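Chemist: Input input36.pdb, format and content: PDB, C-alpha atoms and all ligand atoms.
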```pdb
ATOM      1  CA  MET Q   1      48.611  -6.499 116.260  1.00  0.00           C
ATOM      2  CA  ASN Q   2      46.917  -7.493 113.028  1.00  0.00           C
ATOM      3  CA  PRO Q   3      49.598  -8.927 110.649  1.00  0.00           C
ATOM      4  CA  GLN Q   4      48.466  -6.603 107.872  1.00  0.00           C
ATOM      5  CA  ASN Q   5      49.121  -3.610 110.128  1.00  0.00           C
ATOM      6  CA  VAL Q   6      52.691  -4.865 110.539  1.00  0.00           C
ATOM      7  CA  MET Q   7      53.218  -4.880 106.768  1.00  0.00           C
ATOM      8  CA  LEU Q   8      51.139  -1.744 106.169  1.00  0.00           C
ATOM      9  CA  PRO Q   9      51.290   0.266 109.410  1.00  0.00           C
ATOM     10  CA  LEU Q  10      49.603   3.461 108.283  1.00  0.00           C
ATOM     11  CA  TYR Q  11      45.881   3.865 107.832  1.00  0.00           C
ATOM     12  CA  ASP Q  12      46.388   7.252 106.159  1.00  0.00           C
ATOM     13  CA  ILE Q  13      48.604  10.336 105.872  1.00  0.00           C
ATOM     14  CA  THR Q  14      47.510  13.940 106.384  1.00  0.00           C
ATOM     15  CA  ARG Q  15      49.858  15.579 103.969  1.00  0.00           C
ATOM     16  CA  PHE Q  16      50.010  19.039 105.541  1.00  0.00           C
ATOM     17  CA  THR Q  17      49.064  20.566 108.891  1.00  0.00           C
ATOM     18  CA  LEU Q  18      49.954  23.763 110.694  1.00  0.00           C
ATOM     19  CA  LEU Q  19      47.890  22.804 113.751  1.00  0.00           C
ATOM     20  CA  ASP Q  20      49.212  19.499 115.049  1.00  0.00           C
ATOM     21  CA  TYR Q  21      52.946  20.121 115.503  1.00  0.00           C
ATOM     22  CA  PRO Q  22      53.698  23.273 117.512  1.00  0.00           C
ATOM     23  CA  ASN Q  23      55.095  26.016 115.256  1.00  0.00           C
ATOM     24  CA  ILE Q  24      56.190  23.949 112.274  1.00  0.00           C
ATOM     25  CA  PRO Q  25      54.540  22.576 109.102  1.00  0.00           C
ATOM     26  CA  ALA Q  26      54.087  18.845 109.386  1.00  0.00           C
ATOM     27  CA  ALA Q  27      52.456  15.707 108.064  1.00  0.00           C
ATOM     28  CA  ILE Q  28      50.421  13.325 110.231  1.00  0.00           C
ATOM     29  CA  PHE Q  29      50.989   9.578 110.016  1.00  0.00           C
ATOM     30  CA  TRP Q  30      47.849   7.768 111.219  1.00  0.00           C
ATOM     31  CA  PHE Q  31      48.786   4.322 112.557  1.00  0.00           C
ATOM     32  CA  ALA Q  32      46.092   1.659 112.296  1.00  0.00           C
ATOM     33  CA  GLY Q  33      44.990  -0.108 115.485  1.00  0.00           C
ATOM     34  CA  CYS Q  34      44.814   0.856 119.145  1.00  0.00           C
ATOM     35  CA  ASN Q  35      45.143  -0.848 122.523  1.00  0.00           C
ATOM     36  CA  LEU Q  36      42.304   1.191 124.083  1.00  0.00           C
ATOM     37  CA  ARG Q  37      38.612   1.572 123.283  1.00  0.00           C
ATOM     38  CA  CYS Q  38      37.711   5.049 124.514  1.00  0.00           C
ATOM     39  CA  THR Q  39      33.977   5.612 124.338  1.00  0.00           C
ATOM     40  CA  TYR Q  40      34.382   9.125 122.902  1.00  0.00           C
ATOM     41  CA  CYS Q  41      37.022   8.128 120.314  1.00  0.00           C
ATOM     42  CA  TYR Q  42      36.666  10.133 117.086  1.00  0.00           C
ATOM     43  CA  ASN Q  43      38.574   7.590 115.022  1.00  0.00           C
ATOM     44  CA  PRO Q  44      36.793   4.210 115.069  1.00  0.00           C
ATOM     45  CA  ASP Q  45      37.799   3.655 111.424  1.00  0.00           C
ATOM     46  CA  ILE Q  46      41.463   3.913 112.409  1.00  0.00           C
ATOM     47  CA  VAL Q  47      41.130   1.921 115.642  1.00  0.00           C
ATOM     48  CA  PHE Q  48      39.464  -1.018 113.888  1.00  0.00           C
ATOM     49  CA  GLY Q  49      40.847  -0.424 110.422  1.00  0.00           C
ATOM     50  CA  GLN Q  50      43.500  -2.148 108.361  1.00  0.00           C
ATOM     51  CA  GLY Q  51      46.725  -0.411 107.475  1.00  0.00           C
ATOM     52  CA  LYS Q  52      46.884   0.758 103.869  1.00  0.00           C
ATOM     53  CA  LEU Q  53      50.327   2.314 103.477  1.00  0.00           C
ATOM     54  CA  SER Q  54      53.738   0.692 103.901  1.00  0.00           C
ATOM     55  CA  GLU Q  55      56.842   2.240 105.447  1.00  0.00           C
ATOM     56  CA  GLU Q  56      58.361   2.555 101.973  1.00  0.00           C
ATOM     57  CA  GLU Q  57      55.372   4.503 100.648  1.00  0.00           C
ATOM     58  CA  SER Q  58      55.379   6.741 103.731  1.00  0.00           C
ATOM     59  CA  LEU Q  59      59.102   7.478 103.449  1.00  0.00           C
ATOM     60  CA  ALA Q  60      58.747   8.142  99.703  1.00  0.00           C
ATOM     61  CA  PHE Q  61      56.074  10.706 100.553  1.00  0.00           C
ATOM     62  CA  LEU Q  62      58.421  12.377 103.062  1.00  0.00           C
ATOM     63  CA  SER Q  63      61.228  12.344 100.522  1.00  0.00           C
ATOM     64  CA  SER Q  64      58.987  14.286  98.120  1.00  0.00           C
ATOM     65  CA  ARG Q  65      58.282  16.896 100.843  1.00  0.00           C
ATOM     66  CA  CYS Q  66      61.841  17.623 102.020  1.00  0.00           C
ATOM     67  CA  GLY Q  67      62.234  21.382 102.377  1.00  0.00           C
ATOM     68  CA  LEU Q  68      58.450  21.892 102.508  1.00  0.00           C
ATOM     69  CA  LEU Q  69      57.598  20.063 105.712  1.00  0.00           C
ATOM     70  CA  GLU Q  70      59.686  20.100 108.897  1.00  0.00           C
ATOM     71  CA  GLY Q  71      57.930  17.601 111.120  1.00  0.00           C
ATOM     72  CA  VAL Q  72      56.034  14.336 111.277  1.00  0.00           C
ATOM     73  CA  VAL Q  73      53.294  13.614 113.823  1.00  0.00           C
ATOM     74  CA  LEU Q  74      52.970   9.930 114.715  1.00  0.00           C
ATOM     75  CA  SER Q  75      49.310   9.531 115.608  1.00  0.00           C
ATOM     76  CA  GLY Q  76      46.509   7.026 115.298  1.00  0.00           C
ATOM     77  CA  GLY Q  77      45.316   4.718 116.674  1.00  0.00           C
ATOM     78  CA  GLU Q  78      48.382   4.119 118.801  1.00  0.00           C
ATOM     79  CA  CYS Q  79      51.757   4.314 117.085  1.00  0.00           C
ATOM     80  CA  THR Q  80      53.681   2.541 119.883  1.00  0.00           C
ATOM     81  CA  LEU Q  81      52.018  -0.746 118.877  1.00  0.00           C
ATOM     82  CA  TYR Q  82      53.951  -0.809 115.610  1.00  0.00           C
ATOM     83  CA  PRO Q  83      56.772  -3.354 116.096  1.00  0.00           C
ATOM     84  CA  ASN Q  84      59.170  -1.610 113.688  1.00  0.00           C
ATOM     85  CA  LEU Q  85      58.623   1.862 115.117  1.00  0.00           C
ATOM     86  CA  ILE Q  86      62.222   2.492 116.196  1.00  0.00           C
ATOM     87  CA  PRO Q  87      63.865   1.745 112.814  1.00  0.00           C
ATOM     88  CA  PHE Q  88      61.042   3.664 111.125  1.00  0.00           C
ATOM     89  CA  CYS Q  89      61.754   6.712 113.316  1.00  0.00           C
ATOM     90  CA  HIS Q  90      65.481   6.402 112.524  1.00  0.00           C
ATOM     91  CA  SER Q  91      64.622   6.589 108.822  1.00  0.00           C
ATOM     92  CA  ILE Q  92      62.411   9.654 109.366  1.00  0.00           C
ATOM     93  CA  LYS Q  93      65.128  11.413 111.380  1.00  0.00           C
ATOM     94  CA  GLU Q  94      67.778  10.611 108.771  1.00  0.00           C
ATOM     95  CA  MET Q  95      65.682  12.649 106.330  1.00  0.00           C
ATOM     96  CA  GLY Q  96      65.961  15.642 108.664  1.00  0.00           C
ATOM     97  CA  TYR Q  97      62.431  15.680 110.070  1.00  0.00           C
ATOM     98  CA  LYS Q  98      61.435  16.381 113.639  1.00  0.00           C
ATOM     99  CA  ILE Q  99      59.119  13.815 115.211  1.00  0.00           C
ATOM    100  CA  LYS Q 100      56.153  14.439 117.469  1.00  0.00           C
ATOM    101  CA  MET Q 101      54.441  11.428 118.993  1.00  0.00           C
ATOM    102  CA  ASP Q 102      50.811  11.351 120.154  1.00  0.00           C
ATOM    103  CA  THR Q 103      50.357   8.526 122.627  1.00  0.00           C
ATOM    104  CA  ASN Q 104      47.925   7.138 125.180  1.00  0.00           C
ATOM    105  CA  GLY Q 105      50.901   6.159 127.345  1.00  0.00           C
ATOM    106  CA  MET Q 106      50.112   2.439 127.548  1.00  0.00           C
ATOM    107  CA  ARG Q 107      53.588   1.429 126.263  1.00  0.00           C
ATOM    108  CA  PRO Q 108      56.049   3.187 128.613  1.00  0.00           C
ATOM    109  CA  ASP Q 109      58.764   0.733 127.538  1.00  0.00           C
ATOM    110  CA  VAL Q 110      58.520   1.904 123.929  1.00  0.00           C
ATOM    111  CA  ILE Q 111      58.446   5.573 124.918  1.00  0.00           C
ATOM    112  CA  ARG Q 112      61.615   5.049 126.963  1.00  0.00           C
ATOM    113  CA  GLN Q 113      63.431   3.295 124.102  1.00  0.00           C
ATOM    114  CA  LEU Q 114      62.524   6.087 121.675  1.00  0.00           C
ATOM    115  CA  LEU Q 115      63.745   8.730 124.112  1.00  0.00           C
ATOM    116  CA  GLU Q 116      66.971   6.864 124.866  1.00  0.00           C
ATOM    117  CA  LYS Q 117      67.696   6.818 121.140  1.00  0.00           C
ATOM    118  CA  ASN Q 118      66.903  10.521 120.853  1.00  0.00           C
ATOM    119  CA  LEU Q 119      64.187   9.902 118.290  1.00  0.00           C
ATOM    120  CA  LEU Q 120      61.452  12.151 119.699  1.00  0.00           C
ATOM    121  CA  ASP Q 121      61.342  15.944 119.638  1.00  0.00           C
ATOM    122  CA  TYR Q 122      57.892  16.418 121.145  1.00  0.00           C
ATOM    123  CA  VAL Q 123      55.382  14.158 122.858  1.00  0.00           C
ATOM    124  CA  ALA Q 124      51.656  14.677 123.521  1.00  0.00           C
ATOM    125  CA  LEU Q 125      50.495  12.333 126.275  1.00  0.00           C
ATOM    126  CA  ASP Q 126      46.769  11.650 126.700  1.00  0.00           C
ATOM    127  CA  TYR Q 127      45.584  11.761 130.302  1.00  0.00           C
ATOM    128  CA  LYS Q 128      42.230  10.128 129.840  1.00  0.00           C
ATOM    129  CA  ALA Q 129      40.631  10.253 133.260  1.00  0.00           C
ATOM    130  CA  PRO Q 130      41.286  10.102 136.990  1.00  0.00           C
ATOM    131  CA  ASP Q 131      42.727   6.703 137.912  1.00  0.00           C
ATOM    132  CA  SER Q 132      39.405   5.397 139.263  1.00  0.00           C
ATOM    133  CA  LYS Q 133      37.584   6.102 135.968  1.00  0.00           C
ATOM    134  CA  MET Q 134      40.192   5.121 133.427  1.00  0.00           C
ATOM    135  CA  ASN Q 135      38.938   1.599 132.925  1.00  0.00           C
ATOM    136  CA  ASP Q 136      35.339   2.713 132.363  1.00  0.00           C
ATOM    137  CA  ILE Q 137      36.168   5.478 129.913  1.00  0.00           C
ATOM    138  CA  CYS Q 138      38.933   3.707 127.997  1.00  0.00           C
ATOM    139  CA  GLY Q 139      37.522   0.191 127.864  1.00  0.00           C
ATOM    140  CA  GLY Q 140      40.647  -1.068 129.605  1.00  0.00           C
ATOM    141  CA  GLY Q 141      44.065   0.471 130.038  1.00  0.00           C
ATOM    142  CA  SER Q 142      46.253   0.852 133.055  1.00  0.00           C
ATOM    143  CA  GLU Q 143      46.730   3.942 135.179  1.00  0.00           C
ATOM    144  CA  LYS Q 144      50.009   2.394 136.337  1.00  0.00           C
ATOM    145  CA  ARG Q 145      51.375   2.377 132.787  1.00  0.00           C
ATOM    146  CA  PHE Q 146      50.102   5.895 132.175  1.00  0.00           C
ATOM    147  CA  TRP Q 147      52.016   7.184 135.202  1.00  0.00           C
ATOM    148  CA  GLN Q 148      55.120   5.224 134.178  1.00  0.00           C
ATOM    149  CA  SER Q 149      54.981   6.996 130.815  1.00  0.00           C
ATOM    150  CA  PHE Q 150      54.478  10.331 132.541  1.00  0.00           C
ATOM    151  CA  ASP Q 151      57.464   9.725 134.849  1.00  0.00           C
ATOM    152  CA  THR Q 152      59.601   8.712 131.892  1.00  0.00           C
ATOM    153  CA  LEU Q 153      58.759  11.914 130.017  1.00  0.00           C
ATOM    154  CA  GLN Q 154      59.440  14.001 133.119  1.00  0.00           C
ATOM    155  CA  SER Q 155      62.859  12.393 133.525  1.00  0.00           C
ATOM    156  CA  PHE Q 156      64.042  13.045 129.955  1.00  0.00           C
ATOM    157  CA  ASN Q 157      64.858  16.435 128.510  1.00  0.00           C
ATOM    158  CA  VAL Q 158      62.063  16.312 125.922  1.00  0.00           C
ATOM    159  CA  ALA Q 159      59.337  18.836 125.189  1.00  0.00           C
ATOM    160  CA  PHE Q 160      55.999  17.318 126.107  1.00  0.00           C
ATOM    161  CA  GLU Q 161      52.440  18.172 126.947  1.00  0.00           C
ATOM    162  CA  VAL Q 162      49.643  16.398 128.772  1.00  0.00           C
ATOM    163  CA  ARG Q 163      46.187  16.710 127.281  1.00  0.00           C
ATOM    164  CA  THR Q 164      42.636  15.504 127.782  1.00  0.00           C
ATOM    165  CA  THR Q 165      39.526  15.329 125.653  1.00  0.00           C
ATOM    166  CA  PHE Q 166      36.708  16.405 127.947  1.00  0.00           C
ATOM    167  CA  HIS Q 167      33.271  14.894 127.382  1.00  0.00           C
ATOM    168  CA  PRO Q 168      31.075  16.468 130.063  1.00  0.00           C
ATOM    169  CA  ASP Q 169      28.805  13.419 130.245  1.00  0.00           C
ATOM    170  CA  LEU Q 170      31.814  11.262 131.212  1.00  0.00           C
ATOM    171  CA  LEU Q 171      33.753  13.602 133.487  1.00  0.00           C
ATOM    172  CA  SER Q 172      32.807  16.545 135.670  1.00  0.00           C
ATOM    173  CA  GLU Q 173      34.578  19.893 135.874  1.00  0.00           C
ATOM    174  CA  GLU Q 174      35.634  18.910 139.402  1.00  0.00           C
ATOM    175  CA  GLU Q 175      37.305  15.763 138.075  1.00  0.00           C
ATOM    176  CA  ILE Q 176      39.196  17.782 135.469  1.00  0.00           C
ATOM    177  CA  ILE Q 177      40.361  20.137 138.227  1.00  0.00           C
ATOM    178  CA  THR Q 178      41.441  17.129 140.302  1.00  0.00           C
ATOM    179  CA  MET Q 179      43.437  15.847 137.304  1.00  0.00           C
ATOM    180  CA  SER Q 180      45.094  19.249 136.941  1.00  0.00           C
ATOM    181  CA  ASN Q 181      45.996  19.284 140.633  1.00  0.00           C
ATOM    182  CA  THR Q 182      47.324  15.722 140.430  1.00  0.00           C
ATOM    183  CA  LEU Q 183      49.630  16.703 137.565  1.00  0.00           C
ATOM    184  CA  LYS Q 184      50.924  19.684 139.512  1.00  0.00           C
ATOM    185  CA  ALA Q 185      51.526  17.463 142.539  1.00  0.00           C
ATOM    186  CA  MET Q 186      53.552  15.158 140.284  1.00  0.00           C
ATOM    187  CA  GLY Q 187      55.783  18.080 139.295  1.00  0.00           C
ATOM    188  CA  TYR Q 188      54.243  18.837 135.889  1.00  0.00           C
ATOM    189  CA  GLN Q 189      54.764  22.496 135.011  1.00  0.00           C
ATOM    190  CA  ASN Q 190      53.650  22.730 131.377  1.00  0.00           C
ATOM    191  CA  PRO Q 191      50.082  23.668 130.399  1.00  0.00           C
ATOM    192  CA  PHE Q 192      47.473  20.968 130.909  1.00  0.00           C
ATOM    193  CA  TYR Q 193      45.526  21.171 127.650  1.00  0.00           C
ATOM    194  CA  VAL Q 194      41.835  20.314 127.704  1.00  0.00           C
ATOM    195  CA  GLN Q 195      39.887  20.029 124.492  1.00  0.00           C
ATOM    196  CA  LEU Q 196      36.108  19.906 124.622  1.00  0.00           C
ATOM    197  CA  PHE Q 197      34.536  16.955 122.871  1.00  0.00           C
ATOM    198  CA  ARG Q 198      33.162  17.941 119.445  1.00  0.00           C
ATOM    199  CA  GLU Q 199      29.514  17.035 119.026  1.00  0.00           C
ATOM    200  CA  GLY Q 200      28.151  15.643 115.779  1.00  0.00           C
ATOM    201  CA  VAL Q 201      30.994  13.243 114.943  1.00  0.00           C
ATOM    202  CA  GLU Q 202      30.895   9.468 114.844  1.00  0.00           C
ATOM    203  CA  THR Q 203      32.480   7.928 117.931  1.00  0.00           C
ATOM    204  CA  LEU Q 204      33.510   4.495 119.014  1.00  0.00           C
ATOM    205  CA  GLY Q 205      30.932   4.006 121.731  1.00  0.00           C
ATOM    206  CA  MET Q 206      28.624   6.954 122.368  1.00  0.00           C
ATOM    207  CA  VAL Q 207      25.236   7.960 121.102  1.00  0.00           C
ATOM    208  CA  ASP Q 208      25.275  11.407 119.520  1.00  0.00           C
ATOM    209  CA  ALA Q 209      23.068  13.094 122.131  1.00  0.00           C
ATOM    210  CA  PRO Q 210      23.291  16.775 123.128  1.00  0.00           C
ATOM    211  CA  MET Q 211      25.906  17.297 125.869  1.00  0.00           C
ATOM    212  CA  ARG Q 212      25.282  19.240 129.043  1.00  0.00           C
ATOM    213  CA  LEU Q 213      26.744  22.749 129.154  1.00  0.00           C
ATOM    214  CA  VAL Q 214      30.289  23.110 130.460  1.00  0.00           C
ATOM    215  CA  ASP Q 215      31.390  25.687 133.031  1.00  0.00           C
ATOM    216  CA  ILE Q 216      34.114  27.188 130.847  1.00  0.00           C
ATOM    217  CA  GLU Q 217      34.829  30.033 133.236  1.00  0.00           C
ATOM    218  CA  LEU Q 218      35.562  27.630 136.093  1.00  0.00           C
ATOM    219  CA  LEU Q 219      37.687  25.290 133.967  1.00  0.00           C
ATOM    220  CA  SER Q 220      39.769  28.074 132.450  1.00  0.00           C
ATOM    221  CA  GLN Q 221      41.073  28.936 135.924  1.00  0.00           C
ATOM    222  CA  PHE Q 222      42.760  25.537 136.153  1.00  0.00           C
ATOM    223  CA  VAL Q 223      43.577  24.300 132.633  1.00  0.00           C
ATOM    224  CA  THR Q 224      44.460  25.597 129.174  1.00  0.00           C
ATOM    225  CA  LEU Q 225      41.418  25.180 126.955  1.00  0.00           C
ATOM    226  CA  ARG Q 226      42.126  24.262 123.370  1.00  0.00           C
ATOM    227  CA  GLN Q 227      39.825  24.515 120.334  1.00  0.00           C
TER     228      GLN Q 227
HETATM  229  S1  LIG Q 301      40.838   8.003 121.643  1.00  0.00           S
HETATM  230 FE1  LIG Q 301      41.315   6.060 122.707  1.00  0.00          FE
HETATM  231  S2  LIG Q 301      40.602   4.421 121.334  1.00  0.00           S
HETATM  232 FE2  LIG Q 301      40.725   6.313 120.120  1.00  0.00          FE
HETATM  233  S3  LIG Q 301      42.757   6.269 119.181  1.00  0.00           S
HETATM  234 FE3  LIG Q 301      42.953   7.458 121.087  1.00  0.00          FE
HETATM  235  S4  LIG Q 301      43.553   5.953 122.652  1.00  0.00           S
HETATM  236 FE4  LIG Q 301      42.768   4.782 120.879  1.00  0.00          FE
END
```
Could I get this structure in the form of structure tokens?
Ligand code: SF4

Modeler:
Amino acid sequence: MNPQNVMLPLYDITRFTLLDYPNIPAAIFWFAGCNLRCTYCYNPDIVFGQGKLSEEESLAFLSSRCGLLEGVVLSGGECTLYPNLIPFCHSIKEMGYKIKMDTNGMRPDVIRQLLEKNLLDYVALDYKAPDSKMNDICGGGSEKRFWQSFDTLQSFNVAFEVRTTFHPDLLSEEEIITMSNTLKAMGYQNPFYVQLFREGVETLGMVDAPMRLVDIELLSQFVTLRQ
């Protein structure tokens, strides 16, 4: 990790959201840096960017919002890369906030440590692609580590969801259905959320060309579509 991102872990803070933490008002902490390079990534500035905000500044912001916000979403980038994440989460919890973590699942060891210390209230795990396509779509990554993270979440009593961003030029409807069936076979019983890629935004590795049409009717029989 870039040394500056160790001193200044956050690229930015979204000060208020009702959309990103189920049922409670929250802030989003955007961690700078990521260990994947997904071609459809919406956040190249965050993936390649320098951190700008320190822990102290972030906690001071939360202190000023006590009683107004109830949760913090740790997003990015990839928050599990931050070496001081566990003490940082302790500080957030001591202020009375719930913590949701968005993760690509490439650091199952960190996810386990956070769960063992009871520091997570909700986890959103990205399931990027079927195992055979993960490397192509994510510019690296490890399906083995993804499944270790999944197994860890299944084994702890924590609320979690699995989700996918669906770019129809990278995956087919049949592959999404296969992913849904794989999750069910692994004992996953929560909704499998699929969000369609939004056209017209800058991405990490794709040309902004019109996408093919998606068979929404077919997909909605197998997954939970999300705006
Ligand atoms: S979409 Fe991929 S590259 Fe972008 S932040 Fe998420 S895991 Fe990292």

Chemist: For ligand LIG 301 (chain Q), list the contacting residues at 10 Å or closer, counting all atoms listed in the file, as a VMD selection string.

Modeler: chain Q and resid 30 to 48 75 to 79 102 to 106 126 to 128 137 to 141 164 to 165 203 to 205

Chemist: Quote the spacing between atom CA of Q:Leu19 and atom CA of Q:Phe160 in Å to one decimal place.

Modeler: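 Distance between the two atoms: 15.8 Å.
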
Chemist: Using all atoms listed in the file, which residue out of Q:Val6, Q:Ile86, Q:Ala159, Q:Ile176 lies closest to Q:Lys52?

Modeler: Q:Val6

Chemist: Got a sec to resolve the PyMOL selection byres (((chain Q and resi 55) around 9) and not hetatm) on this structure and send the residues as a tab-separated table (two decimals) with C-alpha atoms, in the frame of the given file?

Modeler:
```tsv
chain	number	residue	atom	x	y	z
Q	7	MET	CA	53.22	-4.88	106.77
Q	8	LEU	CA	51.14	-1.74	106.17
Q	9	PRO	CA	51.29	0.27	109.41
Q	10	LEU	CA	49.60	3.46	108.28
Q	53	LEU	CA	50.33	2.31	103.48
Q	54	SER	CA	53.74	0.69	103.90
Q	56	GLU	CA	58.36	2.56	101.97
Q	57	GLU	CA	55.37	4.50	100.65
Q	58	SER	CA	55.38	6.74	103.73
Q	59	LEU	CA	59.10	7.48	103.45
Q	60	ALA	CA	58.75	8.14	99.70
Q	88	PHE	CA	61.04	3.66	111.12
```

Chemist: Could you list, as a PDB file with C-alpha atoms, in the coordinates of the input, every residue within 12 Å of Q:Asn181, counting all atoms listed in the file and ignoring same-chain residues fewer than 6 positions away?

Modeler:
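out.pdb, written as the output of this step:
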```pdb
ATOM      1  CA  PRO Q 130      41.286  10.102 136.990  1.00  0.00           C
ATOM      2  CA  GLU Q 174      35.634  18.910 139.402  1.00  0.00           C
ATOM      3  CA  GLU Q 175      37.305  15.763 138.075  1.00  0.00           C
ATOM      4  CA  GLY Q 187      55.783  18.080 139.295  1.00  0.00           C
ATOM      5  CA  TYR Q 188      54.243  18.837 135.889  1.00  0.00           C
ATOM      6  CA  GLN Q 189      54.764  22.496 135.011  1.00  0.00           C
ATOM      7  CA  PRO Q 191      50.082  23.668 130.399  1.00  0.00           C
ATOM      8  CA  PHE Q 192      47.473  20.968 130.909  1.00  0.00           C
ATOM      9  CA  GLN Q 221      41.073  28.936 135.924  1.00  0.00           C
ATOM     10  CA  PHE Q 222      42.760  25.537 136.153  1.00  0.00           C
ATOM     11  CA  VAL Q 223      43.577  24.300 132.633  1.00  0.00           C
TER      12      VAL Q 223
END
```

Chemist: Kindly compute an axis-aligned box around the listed atoms of stretch 124-141 of chain Q, allowing 6 Å on each side, and express its centre and edge lengths in Å to one decimal as JSON.

Modeler:
```
{"center_x": 43.5, "center_y": 6.8, "center_z": 131.4, "size_x": 28.3, "size_y": 27.7, "size_z": 27.7}
```

Chemist: For atom CA of Q:Lys144 and atom CA of Q:Thr80, quote the distance in Å rounded to one decimal.

Modeler: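 Separating atom CA of Q:Lys144 from atom CA of Q:Thr80 is a distance of 16.9 Å.
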
Chemist: Just checking: using all atoms listed in the file, which residue out of Q:Lys100, Q:Arg212, Q:Arg65, Q:His167 ends up closest to Q:Phe197?

Modeler: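 Under the stated criterion, the closest residue is Q:His167.
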
Chemist: Please, what distance in Å, to one decimal, runs between atom CA of Q:Met134 and atom CA of Q:Phe166?

Modeler: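 Result for atom CA of Q:Met134 versus atom CA of Q:Phe166: 13.0 Å, one decimal.
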
Chemist: For the file shown, what are the residues hit by the PyMOL selection byres (((chain Q and resi 15) around 7) and not hetatm), laid out as a list in words?

Modeler: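 After applying the PyMOL selection byres (((chain Q and resi 15) around 7) and not hetatm), what remains is Ile13, Thr14, Phe16, Ala27 and Ile28 of chain Q.
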
Chemist: Measuring atom to atom with only C-alpha atoms, identify which of Q:Thr17, Q:Asn118, Q:Thr178, Q:Asn84 is nearest to Q:Asn5.

Modeler: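 Under the stated criterion, the closest residue is Q:Asn84.
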
Chemist: I'd like the residues picked by the PyMOL selection byres (((chain Q and resi 154) around 12) and not hetatm) written out as a ChimeraX atom specification, using the chain letters and numbers from the file.

Modeler: /Q:111-112,115,123,125,147-153,155-162,183,186-190

Chemist: Take the selection from the previous step and output its residues with C-alpha atoms, as a PDB file, in the frame of the given file.

Modeler:
```pdb
ATOM      1  CA  ILE Q 111      58.446   5.573 124.918  1.00  0.00           C
ATOM      2  CA  ARG Q 112      61.615   5.049 126.963  1.00  0.00           C
ATOM      3  CA  LEU Q 115      63.745   8.730 124.112  1.00  0.00           C
ATOM      4  CA  VAL Q 123      55.382  14.158 122.858  1.00  0.00           C
ATOM      5  CA  LEU Q 125      50.495  12.333 126.275  1.00  0.00           C
ATOM      6  CA  TRP Q 147      52.016   7.184 135.202  1.00  0.00           C
ATOM      7  CA  GLN Q 148      55.120   5.224 134.178  1.00  0.00           C
ATOM      8  CA  SER Q 149      54.981   6.996 130.815  1.00  0.00           C
ATOM      9  CA  PHE Q 150      54.478  10.331 132.541  1.00  0.00           C
ATOM     10  CA  ASP Q 151      57.464   9.725 134.849  1.00  0.00           C
ATOM     11  CA  THR Q 152      59.601   8.712 131.892  1.00  0.00           C
ATOM     12  CA  LEU Q 153      58.759  11.914 130.017  1.00  0.00           C
ATOM     13  CA  SER Q 155      62.859  12.393 133.525  1.00  0.00           C
ATOM     14  CA  PHE Q 156      64.042  13.045 129.955  1.00  0.00           C
ATOM     15  CA  ASN Q 157      64.858  16.435 128.510  1.00  0.00           C
ATOM     16  CA  VAL Q 158      62.063  16.312 125.922  1.00  0.00           C
ATOM     17  CA  ALA Q 159      59.337  18.836 125.189  1.00  0.00           C
ATOM     18  CA  PHE Q 160      55.999  17.318 126.107  1.00  0.00           C
ATOM     19  CA  GLU Q 161      52.440  18.172 126.947  1.00  0.00           C
ATOM     20  CA  VAL Q 162      49.643  16.398 128.772  1.00  0.00           C
ATOM     21  CA  LEU Q 183      49.630  16.703 137.565  1.00  0.00           C
ATOM     22  CA  MET Q 186      53.552  15.158 140.284  1.00  0.00           C
ATOM     23  CA  GLY Q 187      55.783  18.080 139.295  1.00  0.00           C
ATOM     24  CA  TYR Q 188      54.243  18.837 135.889  1.00  0.00           C
ATOM     25  CA  GLN Q 189      54.764  22.496 135.011  1.00  0.00           C
ATOM     26  CA  ASN Q 190      53.650  22.730 131.377  1.00  0.00           C
TER      27      ASN Q 190
END
```

Chemist: Please provide the set of residues having any atom within 12 Å of Q:Asn23, restricted to only C-alpha atoms, with same-chain residues fewer than 6 positions apart removed, written as a PDB file with C-alpha atoms, keeping the file's coordinate frame.

Modeler:
```
ATOM      1  CA  THR Q  17      49.064  20.566 108.891  1.00  0.00           C
ATOM      2  CA  LEU Q  69      57.598  20.063 105.712  1.00  0.00           C
ATOM      3  CA  GLU Q  70      59.686  20.100 108.897  1.00  0.00           C
ATOM      4  CA  GLY Q  71      57.930  17.601 111.120  1.00  0.00           C
ATOM      5  CA  LYS Q  98      61.435  16.381 113.639  1.00  0.00           C
ATOM      6  CA  LYS Q 100      56.153  14.439 117.469  1.00  0.00           C
ATOM      7  CA  TYR Q 122      57.892  16.418 121.145  1.00  0.00           C
TER       8      TYR Q 122
END
```

Chemist: Out of Q:Pro210, Q:Gly200, Q:Gly67, Q:Pro87, which residue has the shortest atom-to-atom distance to Q:Lys117 when counting only C-alpha atoms?

Modeler: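 Closest candidate: Q:Pro87.
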
Chemist: Point out the residue among Q:Cys66, Q:Thr182, Q:Gln113, Q:Phe146 with the least atom-to-atom distance to Q:Ala26, counting all atoms listed in the file.

Modeler: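 With all atoms listed in the file as the atom set, the closest residue is Q:Cys66.
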
Chemist: For Q:Pro168, which residue among Q:Cys89, Q:Leu196, Q:Leu68, Q:Ile24 is the nearest when counting all atoms listed in the file?

Modeler: Q:Leu196
